[in-house]
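K.L.:
So I've got this file, coords20.pdb, and it contains PDB, C-alpha atoms:
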MODEL        1
ATOM      1  CA  MET O   1     -12.290 -11.170 -18.059  1.00  0.00           C
ATOM      2  CA  LYS O   2      -9.598  -8.686 -17.064  1.00  0.00           C
ATOM      3  CA  LYS O   3      -8.978  -8.054 -13.386  1.00  0.00           C
ATOM      4  CA  VAL O   4      -9.672  -4.534 -12.159  1.00  0.00           C
ATOM      5  CA  ILE O   5      -7.079  -3.249  -9.689  1.00  0.00           C
ATOM      6  CA  VAL O   6      -7.177  -0.062  -7.605  1.00  0.00           C
ATOM      7  CA  VAL O   7      -3.799   1.217  -6.379  1.00  0.00           C
ATOM      8  CA  THR O   8      -3.687   4.138  -3.946  1.00  0.00           C
ATOM      9  CA  GLY O   9      -0.665   6.438  -3.881  1.00  0.00           C
ATOM     10  CA  GLY O  10       0.504   5.173  -7.238  1.00  0.00           C
ATOM     11  CA  THR O  11       2.629   7.970  -8.677  1.00  0.00           C
ATOM     12  CA  ARG O  12       5.957   7.442  -6.920  1.00  0.00           C
ATOM     13  CA  GLY O  13       8.126   5.011  -4.983  1.00  0.00           C
ATOM     14  CA  ILE O  14       6.622   1.644  -4.159  1.00  0.00           C
ATOM     15  CA  GLY O  15       3.195   2.599  -5.512  1.00  0.00           C
ATOM     16  CA  LYS O  16       4.589   3.515  -8.922  1.00  0.00           C
ATOM     17  CA  ALA O  17       6.617   0.301  -9.062  1.00  0.00           C
ATOM     18  CA  ILE O  18       3.467  -1.676  -8.248  1.00  0.00           C
ATOM     19  CA  VAL O  19       1.549   0.026 -11.056  1.00  0.00           C
ATOM     20  CA  TYR O  20       4.281  -0.731 -13.592  1.00  0.00           C
ATOM     21  CA  GLU O  21       4.686  -4.331 -12.433  1.00  0.00           C
ATOM     22  CA  LEU O  22       0.946  -5.013 -12.585  1.00  0.00           C
ATOM     23  CA  ALA O  23       0.739  -3.349 -15.995  1.00  0.00           C
ATOM     24  CA  LYS O  24       2.635  -6.382 -17.313  1.00  0.00           C
ATOM     25  CA  LYS O  25      -0.580  -8.327 -16.733  1.00  0.00           C
ATOM     26  CA  ASP O  26      -3.713  -8.153 -18.857  1.00  0.00           C
ATOM     27  CA  VAL O  27      -5.531  -5.962 -16.327  1.00  0.00           C
ATOM     28  CA  HIS O  28      -7.232  -2.612 -15.822  1.00  0.00           C
ATOM     29  CA  ILE O  29      -5.511  -0.385 -13.228  1.00  0.00           C
ATOM     30  CA  ILE O  30      -7.020   2.625 -11.500  1.00  0.00           C
ATOM     31  CA  LEU O  31      -4.127   4.714 -10.229  1.00  0.00           C
ATOM     32  CA  ASN O  32      -5.121   6.967  -7.349  1.00  0.00           C
ATOM     33  CA  TYR O  33      -3.037   9.968  -6.349  1.00  0.00           C
ATOM     34  CA  LYS O  34      -3.458  13.010  -4.127  1.00  0.00           C
ATOM     35  CA  SER O  35      -1.487  15.881  -5.668  1.00  0.00           C
ATOM     36  CA  SER O  36       1.090  14.717  -8.219  1.00  0.00           C
ATOM     37  CA  ASP O  37      -0.809  15.737 -11.350  1.00  0.00           C
ATOM     38  CA  GLU O  38       2.220  15.816 -13.634  1.00  0.00           C
ATOM     39  CA  LYS O  39       3.528  12.435 -12.470  1.00  0.00           C
ATOM     40  CA  ALA O  40       0.089  10.870 -12.937  1.00  0.00           C
ATOM     41  CA  LYS O  41      -0.137  12.368 -16.410  1.00  0.00           C
ATOM     42  CA  LEU O  42       3.258  10.952 -17.413  1.00  0.00           C
ATOM     43  CA  ILE O  43       2.370   7.462 -16.168  1.00  0.00           C
ATOM     44  CA  LYS O  44      -0.911   7.589 -18.051  1.00  0.00           C
ATOM     45  CA  GLU O  45       0.905   8.641 -21.225  1.00  0.00           C
ATOM     46  CA  ASP O  46       3.432   5.849 -20.753  1.00  0.00           C
ATOM     47  CA  LEU O  47       1.009   3.017 -19.983  1.00  0.00           C
ATOM     48  CA  GLY O  48      -1.927   4.179 -22.093  1.00  0.00           C
ATOM     49  CA  ASN O  49      -5.223   2.353 -21.726  1.00  0.00           C
ATOM     50  CA  LYS O  50      -3.735   0.007 -19.142  1.00  0.00           C
ATOM     51  CA  VAL O  51      -4.254   2.756 -16.568  1.00  0.00           C
ATOM     52  CA  GLU O  52      -6.957   5.203 -15.516  1.00  0.00           C
ATOM     53  CA  VAL O  53      -5.908   7.963 -13.116  1.00  0.00           C
ATOM     54  CA  PHE O  54      -8.120   9.405 -10.396  1.00  0.00           C
ATOM     55  CA  LYS O  55      -7.215  12.228  -8.031  1.00  0.00           C
ATOM     56  CA  ALA O  56      -8.488  11.784  -4.476  1.00  0.00           C
ATOM     57  CA  ASP O  57      -7.317  12.396  -0.927  1.00  0.00           C
ATOM     58  CA  ILE O  58      -8.033   9.013   0.592  1.00  0.00           C
ATOM     59  CA  SER O  59      -7.867  10.388   4.126  1.00  0.00           C
ATOM     60  CA  LYS O  60     -11.311  11.861   3.335  1.00  0.00           C
ATOM     61  CA  ARG O  61     -14.284   9.505   3.187  1.00  0.00           C
ATOM     62  CA  GLU O  62     -16.179  11.333   0.453  1.00  0.00           C
ATOM     63  CA  GLU O  63     -13.173  11.360  -1.857  1.00  0.00           C
ATOM     64  CA  VAL O  64     -12.660   7.635  -1.310  1.00  0.00           C
ATOM     65  CA  ARG O  65     -16.323   7.084  -2.147  1.00  0.00           C
ATOM     66  CA  ASN O  66     -15.810   9.012  -5.390  1.00  0.00           C
ATOM     67  CA  LEU O  67     -12.736   6.921  -6.271  1.00  0.00           C
ATOM     68  CA  ILE O  68     -14.570   3.630  -5.811  1.00  0.00           C
ATOM     69  CA  LYS O  69     -17.656   4.892  -7.627  1.00  0.00           C
ATOM     70  CA  PHE O  70     -15.500   5.971 -10.571  1.00  0.00           C
ATOM     71  CA  SER O  71     -13.873   2.531 -10.700  1.00  0.00           C
ATOM     72  CA  LEU O  72     -17.192   0.664 -10.540  1.00  0.00           C
ATOM     73  CA  ASP O  73     -18.868   2.946 -13.061  1.00  0.00           C
ATOM     74  CA  LYS O  74     -15.943   2.434 -15.436  1.00  0.00           C
ATOM     75  CA  PHE O  75     -15.428  -1.318 -15.107  1.00  0.00           C
ATOM     76  CA  GLY O  76     -18.378  -2.736 -13.140  1.00  0.00           C
ATOM     77  CA  LYS O  77     -16.240  -4.466 -10.531  1.00  0.00           C
ATOM     78  CA  ILE O  78     -13.077  -4.239  -8.427  1.00  0.00           C
ATOM     79  CA  ASP O  79     -11.055  -7.433  -8.053  1.00  0.00           C
ATOM     80  CA  VAL O  80      -8.021  -6.100  -6.193  1.00  0.00           C
ATOM     81  CA  LEU O  81      -7.486  -3.193  -3.801  1.00  0.00           C
ATOM     82  CA  ILE O  82      -3.914  -2.183  -2.965  1.00  0.00           C
ATOM     83  CA  ASN O  83      -3.657   0.261  -0.066  1.00  0.00           C
ATOM     84  CA  ASN O  84      -0.278   1.840  -0.627  1.00  0.00           C
ATOM     85  CA  ALA O  85      -0.743   5.570   0.059  1.00  0.00           C
ATOM     86  CA  GLY O  86       0.858   6.775   3.252  1.00  0.00           C
ATOM     87  CA  ILE O  87       3.135   9.271   4.964  1.00  0.00           C
ATOM     88  CA  ALA O  88       6.095   9.047   7.342  1.00  0.00           C
ATOM     89  CA  GLN O  89       7.637  11.367   9.912  1.00  0.00           C
ATOM     90  CA  GLU O  90      10.640  11.128  12.226  1.00  0.00           C
ATOM     91  CA  LYS O  91      10.090  12.824  15.559  1.00  0.00           C
ATOM     92  CA  MET O  92      10.832  12.183  19.217  1.00  0.00           C
ATOM     93  CA  PHE O  93       7.719  10.833  20.895  1.00  0.00           C
ATOM     94  CA  ILE O  94       7.626  13.685  23.393  1.00  0.00           C
ATOM     95  CA  ASP O  95       7.561  16.182  20.504  1.00  0.00           C
ATOM     96  CA  ILE O  96       4.738  14.550  18.523  1.00  0.00           C
ATOM     97  CA  THR O  97       1.782  16.917  18.472  1.00  0.00           C
ATOM     98  CA  GLU O  98      -1.835  15.907  18.510  1.00  0.00           C
ATOM     99  CA  GLU O  99      -2.016  17.118  14.912  1.00  0.00           C
ATOM    100  CA  ASP O 100       0.974  14.931  13.944  1.00  0.00           C
ATOM    101  CA  TRP O 101      -0.621  11.898  15.602  1.00  0.00           C
ATOM    102  CA  ASN O 102      -4.056  12.385  14.080  1.00  0.00           C
ATOM    103  CA  ASN O 103      -2.675  13.118  10.618  1.00  0.00           C
ATOM    104  CA  MET O 104      -0.515   9.976  10.672  1.00  0.00           C
ATOM    105  CA  LEU O 105      -3.332   7.676  11.769  1.00  0.00           C
ATOM    106  CA  GLN O 106      -5.862   9.299   9.442  1.00  0.00           C
ATOM    107  CA  THR O 107      -3.591   9.003   6.403  1.00  0.00           C
ATOM    108  CA  ASN O 108      -2.035   5.602   7.038  1.00  0.00           C
ATOM    109  CA  LEU O 109      -4.743   3.670   8.870  1.00  0.00           C
ATOM    110  CA  THR O 110      -8.155   5.317   8.674  1.00  0.00           C
ATOM    111  CA  SER O 111      -7.766   5.685   4.908  1.00  0.00           C
ATOM    112  CA  ALA O 112      -7.535   1.880   4.620  1.00  0.00           C
ATOM    113  CA  PHE O 113     -10.680   1.595   6.743  1.00  0.00           C
ATOM    114  CA  TYR O 114     -12.402   3.884   4.230  1.00  0.00           C
ATOM    115  CA  THR O 115     -11.170   2.193   1.048  1.00  0.00           C
ATOM    116  CA  ILE O 116     -11.889  -1.323   2.266  1.00  0.00           C
ATOM    117  CA  GLN O 117     -15.380  -0.466   3.513  1.00  0.00           C
ATOM    118  CA  GLU O 118     -16.230   1.191   0.219  1.00  0.00           C
ATOM    119  CA  VAL O 119     -14.945  -1.653  -1.952  1.00  0.00           C
ATOM    120  CA  LEU O 120     -16.318  -4.574   0.082  1.00  0.00           C
ATOM    121  CA  PRO O 121     -19.963  -4.566  -1.077  1.00  0.00           C
ATOM    122  CA  ASN O 122     -18.818  -5.280  -4.631  1.00  0.00           C
ATOM    123  CA  MET O 123     -16.304  -7.944  -3.575  1.00  0.00           C
ATOM    124  CA  ILE O 124     -18.778  -9.661  -1.253  1.00  0.00           C
ATOM    125  CA  HIS O 125     -21.426  -9.632  -3.991  1.00  0.00           C
ATOM    126  CA  ASN O 126     -18.940 -11.267  -6.376  1.00  0.00           C
ATOM    127  CA  LYS O 127     -17.702 -13.724  -3.697  1.00  0.00           C
ATOM    128  CA  SER O 128     -14.178 -12.857  -4.752  1.00  0.00           C
ATOM    129  CA  GLY O 129     -11.541 -10.289  -3.882  1.00  0.00           C
ATOM    130  CA  CYS O 130      -7.959  -9.524  -2.959  1.00  0.00           C
ATOM    131  CA  ILE O 131      -6.893  -6.749  -0.581  1.00  0.00           C
ATOM    132  CA  ILE O 132      -3.194  -5.984  -0.181  1.00  0.00           C
ATOM    133  CA  ASN O 133      -2.113  -3.465   2.448  1.00  0.00           C
ATOM    134  CA  ILE O 134       1.378  -1.984   2.252  1.00  0.00           C
ATOM    135  CA  SER O 135       2.614  -1.935   5.828  1.00  0.00           C
ATOM    136  CA  SER O 136       6.190  -1.610   7.128  1.00  0.00           C
ATOM    137  CA  ILE O 137       8.833  -3.521   9.020  1.00  0.00           C
ATOM    138  CA  TRP O 138       8.301  -0.925  11.765  1.00  0.00           C
ATOM    139  CA  GLY O 139       4.751  -2.171  12.230  1.00  0.00           C
ATOM    140  CA  ILE O 140       6.326  -5.482  13.272  1.00  0.00           C
ATOM    141  CA  THR O 141       9.279  -4.301  15.348  1.00  0.00           C
ATOM    142  CA  GLY O 142       8.463  -0.691  16.238  1.00  0.00           C
ATOM    143  CA  ALA O 143      10.874   2.160  15.492  1.00  0.00           C
ATOM    144  CA  SER O 144      12.489   4.717  17.765  1.00  0.00           C
ATOM    145  CA  CYS O 145      11.551   8.281  16.805  1.00  0.00           C
ATOM    146  CA  GLU O 146       8.772   6.964  14.562  1.00  0.00           C
ATOM    147  CA  VAL O 147       6.258   5.863  17.166  1.00  0.00           C
ATOM    148  CA  HIS O 148       3.146   7.242  15.469  1.00  0.00           C
ATOM    149  CA  TYR O 149       4.244   5.805  12.107  1.00  0.00           C
ATOM    150  CA  SER O 150       4.922   2.409  13.710  1.00  0.00           C
ATOM    151  CA  VAL O 151       1.541   2.453  15.451  1.00  0.00           C
ATOM    152  CA  SER O 152      -0.249   3.225  12.168  1.00  0.00           C
ATOM    153  CA  LYS O 153       1.478   0.326  10.404  1.00  0.00           C
ATOM    154  CA  ALA O 154       0.922  -2.095  13.289  1.00  0.00           C
ATOM    155  CA  GLY O 155      -2.740  -1.126  13.026  1.00  0.00           C
ATOM    156  CA  ILE O 156      -2.678  -1.998   9.321  1.00  0.00           C
ATOM    157  CA  ASP O 157      -1.313  -5.445  10.175  1.00  0.00           C
ATOM    158  CA  ALA O 158      -4.003  -6.015  12.818  1.00  0.00           C
ATOM    159  CA  LEU O 159      -6.636  -4.875  10.337  1.00  0.00           C
ATOM    160  CA  THR O 160      -5.221  -7.338   7.810  1.00  0.00           C
ATOM    161  CA  LYS O 161      -5.307 -10.361  10.127  1.00  0.00           C
ATOM    162  CA  SER O 162      -8.746  -9.590  11.531  1.00  0.00           C
ATOM    163  CA  LEU O 163     -10.313  -8.982   8.125  1.00  0.00           C
ATOM    164  CA  ALA O 164      -8.760 -12.136   6.685  1.00  0.00           C
ATOM    165  CA  LYS O 165     -10.702 -14.143   9.270  1.00  0.00           C
ATOM    166  CA  GLU O 166     -13.926 -12.221   8.701  1.00  0.00           C
ATOM    167  CA  LEU O 167     -13.805 -12.170   4.903  1.00  0.00           C
ATOM    168  CA  GLY O 168     -12.412 -15.636   4.208  1.00  0.00           C
ATOM    169  CA  PRO O 169     -15.896 -17.186   3.865  1.00  0.00           C
ATOM    170  CA  SER O 170     -16.601 -14.626   1.119  1.00  0.00           C
ATOM    171  CA  ASN O 171     -13.477 -15.794  -0.757  1.00  0.00           C
ATOM    172  CA  ILE O 172     -11.734 -12.473  -0.125  1.00  0.00           C
ATOM    173  CA  ARG O 173      -8.031 -12.655   0.706  1.00  0.00           C
ATOM    174  CA  VAL O 174      -6.371  -9.948   2.829  1.00  0.00           C
ATOM    175  CA  ASN O 175      -2.606  -9.674   3.252  1.00  0.00           C
ATOM    176  CA  SER O 176       0.016  -7.121   4.272  1.00  0.00           C
ATOM    177  CA  VAL O 177       3.359  -6.528   2.608  1.00  0.00           C
ATOM    178  CA  ALA O 178       5.704  -5.004   5.198  1.00  0.00           C
ATOM    179  CA  PRO O 179       8.866  -3.734   3.462  1.00  0.00           C
ATOM    180  CA  GLY O 180      12.194  -3.267   5.151  1.00  0.00           C
ATOM    181  CA  ILE O 181      14.240  -0.253   4.106  1.00  0.00           C
ATOM    182  CA  ILE O 182      13.573   0.564   0.450  1.00  0.00           C
ATOM    183  CA  GLU O 183      15.125   3.160  -1.889  1.00  0.00           C
ATOM    184  CA  THR O 184      12.338   5.764  -2.016  1.00  0.00           C
ATOM    185  CA  ASP O 185      11.821   9.423  -1.140  1.00  0.00           C
ATOM    186  CA  MET O 186      11.569   8.297   2.476  1.00  0.00           C
ATOM    187  CA  THR O 187      15.255   7.282   2.512  1.00  0.00           C
ATOM    188  CA  ASN O 188      16.546  10.535   1.020  1.00  0.00           C
ATOM    189  CA  ASP O 189      17.072  12.008   4.482  1.00  0.00           C
ATOM    190  CA  TYR O 190      19.566   9.302   5.467  1.00  0.00           C
ATOM    191  CA  THR O 191      23.267  10.097   5.141  1.00  0.00           C
ATOM    192  CA  GLU O 192      25.517   7.720   3.222  1.00  0.00           C
ATOM    193  CA  GLU O 193      27.085   6.672   6.528  1.00  0.00           C
ATOM    194  CA  GLU O 194      23.684   5.874   8.009  1.00  0.00           C
ATOM    195  CA  LEU O 195      22.734   3.790   4.979  1.00  0.00           C
ATOM    196  CA  GLU O 196      26.012   1.863   5.172  1.00  0.00           C
ATOM    197  CA  GLU O 197      25.387   1.159   8.855  1.00  0.00           C
ATOM    198  CA  ILE O 198      21.914  -0.177   8.032  1.00  0.00           C
ATOM    199  CA  LYS O 199      23.313  -2.360   5.240  1.00  0.00           C
ATOM    200  CA  SER O 200      25.803  -3.879   7.685  1.00  0.00           C
ATOM    201  CA  LYS O 201      22.866  -5.176   9.764  1.00  0.00           C
ATOM    202  CA  ILE O 202      21.052  -6.744   6.801  1.00  0.00           C
ATOM    203  CA  PRO O 203      22.169 -10.295   5.875  1.00  0.00           C
ATOM    204  CA  LEU O 204      21.855  -9.519   2.138  1.00  0.00           C
ATOM    205  CA  GLU O 205      23.914  -6.343   2.745  1.00  0.00           C
ATOM    206  CA  LYS O 206      21.801  -4.117   0.518  1.00  0.00           C
ATOM    207  CA  ILE O 207      18.859  -1.732   0.524  1.00  0.00           C
ATOM    208  CA  GLY O 208      15.732  -2.965  -1.225  1.00  0.00           C
ATOM    209  CA  LYS O 209      14.232  -1.441  -4.344  1.00  0.00           C
ATOM    210  CA  PRO O 210      10.570  -0.587  -4.993  1.00  0.00           C
ATOM    211  CA  GLU O 211      10.518  -3.322  -7.632  1.00  0.00           C
ATOM    212  CA  ASP O 212      11.244  -5.924  -4.930  1.00  0.00           C
ATOM    213  CA  ILE O 213       8.000  -5.010  -3.199  1.00  0.00           C
ATOM    214  CA  ALA O 214       6.091  -4.782  -6.474  1.00  0.00           C
ATOM    215  CA  LYS O 215       7.045  -8.361  -7.353  1.00  0.00           C
ATOM    216  CA  CYS O 216       5.677  -9.578  -4.025  1.00  0.00           C
ATOM    217  CA  VAL O 217       2.403  -7.738  -4.694  1.00  0.00           C
ATOM    218  CA  TYR O 218       2.311  -9.195  -8.225  1.00  0.00           C
ATOM    219  CA  TRP O 219       2.453 -12.703  -6.755  1.00  0.00           C
ATOM    220  CA  LEU O 220      -0.236 -12.012  -4.146  1.00  0.00           C
ATOM    221  CA  VAL O 221      -2.643 -10.776  -6.844  1.00  0.00           C
ATOM    222  CA  ASP O 222      -2.536 -14.199  -8.516  1.00  0.00           C
ATOM    223  CA  ASP O 223      -2.315 -16.376  -5.409  1.00  0.00           C
ATOM    224  CA  ASN O 224      -5.399 -18.304  -4.267  1.00  0.00           C
ATOM    225  CA  TYR O 225      -4.515 -19.629  -0.819  1.00  0.00           C
ATOM    226  CA  THR O 226      -2.584 -16.966   1.111  1.00  0.00           C
ATOM    227  CA  THR O 227      -4.521 -14.771   3.515  1.00  0.00           C
ATOM    228  CA  GLY O 228      -3.996 -13.057   6.837  1.00  0.00           C
ATOM    229  CA  GLN O 229      -0.223 -12.960   6.341  1.00  0.00           C
ATOM    230  CA  ILE O 230       2.295 -10.206   7.037  1.00  0.00           C
ATOM    231  CA  ILE O 231       4.949 -10.758   4.373  1.00  0.00           C
ATOM    232  CA  SER O 232       8.114  -8.748   4.988  1.00  0.00           C
ATOM    233  CA  PRO O 233      10.646  -8.453   2.152  1.00  0.00           C
ATOM    234  CA  ASN O 234      13.518  -6.996   4.191  1.00  0.00           C
ATOM    235  CA  GLY O 235      16.735  -8.710   3.130  1.00  0.00           C
ATOM    236  CA  GLY O 236      16.776 -10.720   6.343  1.00  0.00           C
ATOM    237  CA  TRP O 237      16.887  -7.607   8.566  1.00  0.00           C
ATOM    238  CA  ILE O 238      14.386  -9.353  10.816  1.00  0.00           C
ATOM    239  CA  ILE O 239      14.010 -13.133  10.790  1.00  0.00           C
TER     240      ILE O 239
ENDMDL
END
Here is a file; write its structure as structure tokens.
P.N.:
Amino acid sequence: MKKVIVVTGGTRGIGKAIVYELAKKDVHIILNYKSSDEKAKLIKEDLGNKVEVFKADISKREEVRNLIKFSLDKFGKIDVLINNAGIAQEKMFIDITEEDWNNMLQTNLTSAFYTIQEVLPNMIHNKSGCIINISSIWGITGASCEVHYSVSKAGIDALTKSLAKELGPSNIRVNSVAPGIIETDMTNDYTEEELEEIKSKIPLEKIGKPEDIAKCVYWLVDDNYTTGQIISPNGGWII
């Protein structure tokens, strides 16, 4: 029976790469997105019946509930949940507003609380499940001028480890993938000089690609014995 996989934030960057990598498998994918209608449409046209698209703002509980209901009504189960949707912002800590802080935590952390809570009854009933949270290297090390982003990702990692302990007896695996610097929209603001300086600090001397993260996720979907881990594909930036 085909696995059913929900991917949040799946129309660009790492999320899109994950969708395309998983589409190589014999699976059903529900691609969630917030606003990129045209991008979602193009992916659907490209991948055909491999993918269903569903528009929802996962920072809102009711919209998450609708996403999960759609997936269960369509396929009767959810085997894998990939929490990829998120935002980033560079700002001095002293300049972060209460709105900035709340929006970051709501989008990056509370949304995972919503999606996991909504999907768990089905996974627990089936005594099987895989939850993969896309975190960040900054959740491990912290990042200057990205304090609220780092806090949200560190929270994702704590959520991952705690849930892995709680859900292990139900045969549900929970892991985080914490990328280093990856070529996405989030790196567009770096100058060429800044990128070269970053490369000089990475043992592999290169910036990662979304496909590098997607391949890690691909492996975790099939794995049977890895849980509670924070896996960081980062070129050796932190060891």
K.L.:
Please evaluate the PyMOL selection byres ((chain O and resi 88-98) around 7) against the displayed coordinates and give the resulting residues as a PDB file with C-alpha atoms, keeping the file's coordinate frame.
P.N.:
ATOM      1  CA  ILE O  87       3.135   9.271   4.964  1.00  0.00           C
ATOM      2  CA  GLU O  99      -2.016  17.118  14.912  1.00  0.00           C
ATOM      3  CA  ASP O 100       0.974  14.931  13.944  1.00  0.00           C
ATOM      4  CA  TRP O 101      -0.621  11.898  15.602  1.00  0.00           C
ATOM      5  CA  ASN O 102      -4.056  12.385  14.080  1.00  0.00           C
ATOM      6  CA  CYS O 145      11.551   8.281  16.805  1.00  0.00           C
ATOM      7  CA  GLU O 146       8.772   6.964  14.562  1.00  0.00           C
ATOM      8  CA  VAL O 147       6.258   5.863  17.166  1.00  0.00           C
ATOM      9  CA  TYR O 149       4.244   5.805  12.107  1.00  0.00           C
TER      10      TYR O 149
END
K.L.:
Could you name the residues that touch Trp219 (chain O) at 12 Å or less, counting all atoms listed in the file, but leaving out those on the same chain fewer than 6 positions away, as a list of chain:residue names?
P.N.:
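Here the qualifying residues turn out to be O:Ile18, O:Glu21, O:Leu22, O:Lys25, O:Cys130, O:Ile132, O:Asn175, O:Val177, O:Asp212, O:Ile213, O:Tyr225, O:Thr226, O:Ile231.
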K.L.:
Hey, can I get the axis-aligned box for region 218-232 of chain O? All listed atoms, 6 Å padding on each side, centre and edge lengths in Å to one decimal, as lines of an AutoDock Vina configuration file.
P.N.:
center_x = 1.4
center_y = -14.2
center_z = -0.7
size_x = 25.5
size_y = 22.9
size_z = 27.6
K.L.:
For Cys216 (chain O), please output as a short mmCIF file (atom, residue, chain, number, x, y, z; two decimals) with C-alpha atoms, in the coordinates of the input all residues within 12 Å (counting all atoms listed in the file; exclusion window: fewer than 5 positions along the same chain).
P.N.:
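Below is the file that was written, part.cif:
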data_model
loop_
_atom_site.label_atom_id
_atom_site.label_comp_id
_atom_site.auth_asym_id
_atom_site.auth_seq_id
_atom_site.Cartn_x
_atom_site.Cartn_y
_atom_site.Cartn_z
CA ILE O 14 6.62 1.64 -4.16
CA ALA O 17 6.62 0.30 -9.06
CA ILE O 18 3.47 -1.68 -8.25
CA GLU O 21 4.69 -4.33 -12.43
CA LEU O 22 0.95 -5.01 -12.58
CA ILE O 132 -3.19 -5.98 -0.18
CA ASN O 133 -2.11 -3.46 2.45
CA ILE O 134 1.38 -1.98 2.25
CA ASN O 175 -2.61 -9.67 3.25
CA SER O 176 0.02 -7.12 4.27
CA VAL O 177 3.36 -6.53 2.61
CA ALA O 178 5.70 -5.00 5.20
CA PRO O 179 8.87 -3.73 3.46
CA LYS O 209 14.23 -1.44 -4.34
CA PRO O 210 10.57 -0.59 -4.99
CA GLU O 211 10.52 -3.32 -7.63
CA VAL O 221 -2.64 -10.78 -6.84
CA ASP O 222 -2.54 -14.20 -8.52
CA ASP O 223 -2.32 -16.38 -5.41
CA ILE O 230 2.30 -10.21 7.04
CA ILE O 231 4.95 -10.76 4.37
CA SER O 232 8.11 -8.75 4.99
CA PRO O 233 10.65 -8.45 2.15
CA ASN O 234 13.52 -7.00 4.19
#
K.L.:
Just say which residues the PyMOL selection byres ((chain O and resi 34) around 9) picks in this file, as a list in words.
P.N.:
Thr8, Gly9, Asn32, Tyr33, Ser35, Ser36, Asp37, Phe54, Lys55, Ala56, Asp57, Ile58 and Ala85 of chain O
K.L.:
May I ask for the distance between CA of Asn126 (chain O) and CA of Val217 (chain O), given in Å to one decimal place?
P.N.:
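One can read the CA of Asn126 (chain O) to CA of Val217 (chain O) distance as 21.7 Å.
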K.L.:
With only C-alpha atoms as the basis for distance, which of O:Val80, O:Asp73, O:Ile198, O:Lys60 is at the shortest distance from Tyr114 (chain O)?
P.N.:
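Comparing O:Val80, O:Asp73, O:Ile198, O:Lys60 against Tyr114 (chain O), the winner is O:Lys60.
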K.L.:
Can you measure CA of Asn224 (chain O) to CA of Leu204 (chain O) for me? One decimal in Å is fine.
P.N.:
29.3 Å
